[in-house]
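Content type compact mmCIF, C-alpha atoms, from the file query-v7.txt:
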# COMPACT_ATOMS: atom_id res chain seq x y z
CA MET X 858 22.22 -8.02 -25.14
CA PRO X 859 21.82 -4.29 -25.87
CA ASN X 860 21.46 -1.99 -22.89
CA LYS X 861 18.14 -0.34 -23.78
CA PRO X 862 15.68 1.05 -21.25
CA ILE X 863 12.65 -1.18 -20.67
CA LEU X 864 9.22 -0.32 -19.40
CA ILE X 865 6.21 -2.28 -18.30
CA MET X 866 2.85 -0.62 -18.83
CA ASN X 867 -0.20 -1.88 -16.94
CA ALA X 868 -3.67 -0.51 -17.64
CA GLN X 869 -6.55 -1.23 -15.29
CA ASP X 870 -10.17 -0.41 -14.64
CA CYS X 871 -11.79 -0.37 -11.22
CA LEU X 872 -15.45 -0.68 -10.28
CA PRO X 873 -17.10 2.48 -8.97
CA GLY X 874 -16.82 2.75 -5.21
CA LYS X 875 -13.62 0.69 -5.11
CA GLU X 876 -11.19 3.41 -6.25
CA GLU X 877 -10.02 4.53 -2.81
CA GLU X 878 -9.44 0.94 -1.67
CA PHE X 879 -7.67 0.13 -4.95
CA ASN X 880 -5.41 3.19 -4.75
CA LYS X 881 -4.44 2.48 -1.13
CA TRP X 882 -3.60 -1.09 -2.08
CA TYR X 883 -1.67 0.00 -5.18
CA ASN X 884 0.49 2.37 -3.13
CA LYS X 885 1.55 -0.54 -0.90
CA HIS X 886 1.97 -2.84 -3.90
CA ALA X 887 4.16 -0.38 -5.84
CA SER X 888 6.23 0.44 -2.74
CA ALA X 889 6.95 -3.26 -2.22
CA LEU X 890 7.96 -3.70 -5.87
CA PHE X 891 10.12 -0.58 -5.70
CA GLU X 892 12.29 -2.30 -3.09
CA PHE X 893 13.98 -3.96 -6.08
CA GLU X 894 16.97 -1.72 -6.76
CA GLY X 895 16.91 -2.25 -10.53
CA LEU X 896 13.40 -0.80 -10.79
CA LYS X 897 14.20 2.83 -11.59
CA SER X 898 10.75 4.44 -11.41
CA VAL X 899 7.09 3.72 -10.94
CA ALA X 900 4.46 6.21 -12.13
CA ARG X 901 0.68 5.95 -12.03
CA TYR X 902 -1.78 7.94 -14.07
CA LYS X 903 -5.54 8.31 -13.92
CA ARG X 904 -7.66 8.87 -17.01
CA ILE X 905 -8.94 12.34 -17.69
CA GLY X 906 -12.42 12.36 -19.16
CA GLU X 907 -15.15 9.80 -19.47
CA ASP X 908 -14.08 7.76 -22.50
CA GLU X 909 -14.71 4.21 -21.28
CA ASN X 910 -12.62 2.86 -24.16
CA VAL X 911 -9.59 4.25 -22.30
CA PRO X 912 -8.53 2.43 -19.11
CA GLN X 913 -9.03 4.35 -15.85
CA TYR X 914 -5.50 3.78 -14.57
CA VAL X 915 -2.09 3.25 -16.14
CA ALA X 916 1.05 2.30 -14.25
CA ILE X 917 4.50 2.52 -15.82
CA TYR X 918 7.53 0.73 -14.40
CA THR X 919 10.97 1.56 -15.85
CA PHE X 920 14.23 -0.36 -15.89
CA ASP X 921 17.63 0.61 -17.30
CA SER X 922 18.02 -2.68 -19.17
CA GLN X 923 16.51 -6.01 -20.18
CA GLU X 924 18.84 -7.64 -17.65
CA ASP X 925 17.41 -5.53 -14.80
CA TYR X 926 13.89 -6.44 -15.91
CA GLU X 927 14.71 -10.16 -16.04
CA GLN X 928 16.26 -10.03 -12.56
CA TYR X 929 13.20 -8.18 -11.28
CA MET X 930 10.87 -10.87 -12.63
CA GLU X 931 12.70 -13.47 -10.50
CA SER X 932 13.20 -11.25 -7.45
CA PRO X 933 11.77 -11.75 -3.95
CA GLN X 934 10.71 -8.08 -4.03
CA ARG X 935 8.43 -8.71 -6.99
CA GLU X 936 7.02 -11.81 -5.34
CA ALA X 937 6.35 -9.84 -2.14
CA GLY X 938 4.74 -7.01 -4.09
CA MET X 939 2.41 -9.40 -5.89
CA LYS X 940 1.29 -10.83 -2.53
CA VAL X 941 0.41 -7.54 -0.84
CA PRO X 942 -2.99 -8.22 0.75
CA GLY X 943 -6.06 -6.07 0.26
CA ARG X 944 -6.46 -5.80 -3.51
CA PRO X 945 -10.18 -5.17 -3.94
CA ASP X 946 -12.46 -7.21 -6.13
CA GLY X 947 -13.63 -5.43 -9.25
CA VAL X 948 -10.22 -4.50 -10.67
CA THR X 949 -9.74 -5.56 -14.28
CA VAL X 950 -6.42 -5.57 -16.10
CA LYS X 951 -7.11 -4.12 -19.55
CA PHE X 952 -3.62 -4.76 -20.89
CA ARG X 953 -0.06 -5.33 -19.78
CA GLY X 954 2.86 -4.78 -22.10
CA LEU X 955 6.63 -4.84 -22.08
CA PHE X 956 8.39 -2.25 -24.25
CA GLU X 957 11.96 -1.27 -25.12
CA LEU X 958 13.06 2.24 -25.98
CA ILE X 959 13.77 2.81 -29.65
CA LYS X 960 14.18 6.61 -29.62
CA GLU X 961 13.71 9.44 -27.15
CA TRP X 962 13.33 13.14 -27.80
CA GLU X 963 14.18 15.56 -25.00
CA ARG X 964 14.30 19.30 -24.68

Turn the structure described in the file into structure tokens.
Amino acid sequence: MPNKPILIMNAQDCLPGKEEEFNKWYNKHASALFEFEGLKSVARYKRIGEDENVPQYVAIYTFDSQEDYEQYMESPQREAGMKVPGRPDGVTVKFRGLFELIKEWER
């Protein structure tokens, strides 16, 4: 199994008026997931502009390898993170994808 970095990308929309509740919940959710040592980073982004074809929020989770990702998927930390109470109604997952690095350019 090659040792390539892996990322999960989640894109979500949230009903108006639920953003603050959603963001508070997501902070707890991501913190619980981040307890898994093989999860190297978690980053969240919010859409700039009003293009409703673009999801409001994107979260990116990075792992050093496919093996770390597979261990994460079976981990008690992931299970605990998925069970964090308080996720508001009105949050829609637009897409979720798993990606491996094929090339990276850096300065």

Practice task
Give the answer as one residue: which of X:Phe952, X:Phe920, X:Phe891, X:Trp962 has the shortest atom-to-atom distance to Gln934 of chain X, using only C-alpha atoms?
Solution key: X:Phe891

Problem - Selected residue of minimal separation from Phe879 of chain X among X:Val899, X:Ala937, X:Val948, X:Val911, counting all atoms listed in the file - result: X:Val948

Practice task
Find the residue from X:Lys951, X:Glu961, X:Arg904, X:Met930 that sits nearest to Asn867 of chain X; use only C-alpha atoms when measuring.
Solution key: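 Of all the options, X:Lys951 lies closest to Asn867 of chain X.
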
Exercise for the section: Could you give me, as an MDAnalysis selection string, the residues that have an atom at most 9 Å away from the point (-1.5, 3.5, -13.5) in the coordinates of the file, using all atoms listed in the file? Expected result: chainID X and resid 866:869 899:904 913:917

Exercise for the section: Report the distance between atom CA of Thr949 of chain X and atom CA of Ala889 of chain X in Å, rounded to one decimal place. Expected result: 20.7 Å

Exercise for the section: Might you pull out every residue within 10 Å of Lys897 of chain X, with only C-alpha atoms counted and same-chain residues fewer than 4 positions away left off, and present them as JSON, numbers by chain? Expected result: {"X": [862, 864, 891, 893, 918, 919, 920, 921, 925]}

Problem - Residue nearest Glu877 of chain X - candidates X:Gly906, X:Pro945, X:Glu963, X:Leu958, atoms counted: only C-alpha atoms - result: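 Result for the nearest residue to Glu877 of chain X: X:Pro945.
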
Can I get segment 899-914 of chain X with N, CA and C atoms filled in, as a PDB file, keeping the file's coordinate frame?
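And here is the file that came out, out06.pdb:
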ATOM      1  N   VAL X 899       8.472   4.187 -10.827  1.00  0.00           N
ATOM      2  CA  VAL X 899       7.090   3.720 -10.940  1.00  0.00           C
ATOM      3  C   VAL X 899       6.232   4.983 -11.005  1.00  0.00           C
ATOM      4  N   ALA X 900       5.367   5.059 -11.995  1.00  0.00           N
ATOM      5  CA  ALA X 900       4.460   6.210 -12.130  1.00  0.00           C
ATOM      6  C   ALA X 900       3.062   5.673 -12.398  1.00  0.00           C
ATOM      7  N   ARG X 901       2.080   6.305 -11.779  1.00  0.00           N
ATOM      8  CA  ARG X 901       0.680   5.950 -12.030  1.00  0.00           C
ATOM      9  C   ARG X 901      -0.053   7.166 -12.561  1.00  0.00           C
ATOM     10  N   TYR X 902      -0.974   6.896 -13.465  1.00  0.00           N
ATOM     11  CA  TYR X 902      -1.780   7.940 -14.070  1.00  0.00           C
ATOM     12  C   TYR X 902      -3.249   7.535 -14.003  1.00  0.00           C
ATOM     13  N   LYS X 903      -4.103   8.532 -13.892  1.00  0.00           N
ATOM     14  CA  LYS X 903      -5.540   8.310 -13.920  1.00  0.00           C
ATOM     15  C   LYS X 903      -6.112   9.010 -15.146  1.00  0.00           C
ATOM     16  N   ARG X 904      -7.019   8.345 -15.796  1.00  0.00           N
ATOM     17  CA  ARG X 904      -7.660   8.870 -17.010  1.00  0.00           C
ATOM     18  C   ARG X 904      -8.325  10.213 -16.732  1.00  0.00           C
ATOM     19  N   ILE X 905      -8.196  11.089 -17.693  1.00  0.00           N
ATOM     20  CA  ILE X 905      -8.940  12.340 -17.690  1.00  0.00           C
ATOM     21  C   ILE X 905     -10.076  12.163 -18.690  1.00  0.00           C
ATOM     22  N   GLY X 906     -11.277  12.495 -18.280  1.00  0.00           N
ATOM     23  CA  GLY X 906     -12.420  12.360 -19.160  1.00  0.00           C
ATOM     24  C   GLY X 906     -13.179  11.072 -18.924  1.00  0.00           C
ATOM     25  N   GLU X 907     -14.214  10.903 -19.692  1.00  0.00           N
ATOM     26  CA  GLU X 907     -15.150   9.800 -19.470  1.00  0.00           C
ATOM     27  C   GLU X 907     -15.128   8.736 -20.555  1.00  0.00           C
ATOM     28  N   ASP X 908     -14.143   8.741 -21.422  1.00  0.00           N
ATOM     29  CA  ASP X 908     -14.080   7.760 -22.500  1.00  0.00           C
ATOM     30  C   ASP X 908     -13.814   6.374 -21.927  1.00  0.00           C
ATOM     31  N   GLU X 909     -14.840   5.545 -21.877  1.00  0.00           N
ATOM     32  CA  GLU X 909     -14.710   4.210 -21.280  1.00  0.00           C
ATOM     33  C   GLU X 909     -13.896   3.254 -22.135  1.00  0.00           C
ATOM     34  N   ASN X 910     -13.517   3.664 -23.338  1.00  0.00           N
ATOM     35  CA  ASN X 910     -12.620   2.860 -24.160  1.00  0.00           C
ATOM     36  C   ASN X 910     -11.169   3.001 -23.684  1.00  0.00           C
ATOM     37  N   VAL X 911     -10.922   4.001 -22.852  1.00  0.00           N
ATOM     38  CA  VAL X 911      -9.590   4.250 -22.300  1.00  0.00           C
ATOM     39  C   VAL X 911      -9.578   3.742 -20.863  1.00  0.00           C
ATOM     40  N   PRO X 912      -8.588   2.930 -20.486  1.00  0.00           N
ATOM     41  CA  PRO X 912      -8.530   2.430 -19.110  1.00  0.00           C
ATOM     42  C   PRO X 912      -8.474   3.581 -18.093  1.00  0.00           C
ATOM     43  N   GLN X 913      -9.024   3.332 -16.911  1.00  0.00           N
ATOM     44  CA  GLN X 913      -9.030   4.350 -15.850  1.00  0.00           C
ATOM     45  C   GLN X 913      -7.634   4.651 -15.326  1.00  0.00           C
ATOM     46  N   TYR X 914      -6.819   3.635 -15.185  1.00  0.00           N
ATOM     47  CA  TYR X 914      -5.500   3.780 -14.570  1.00  0.00           C
ATOM     48  C   TYR X 914      -4.428   3.163 -15.450  1.00  0.00           C
TER      49      TYR X 914
END
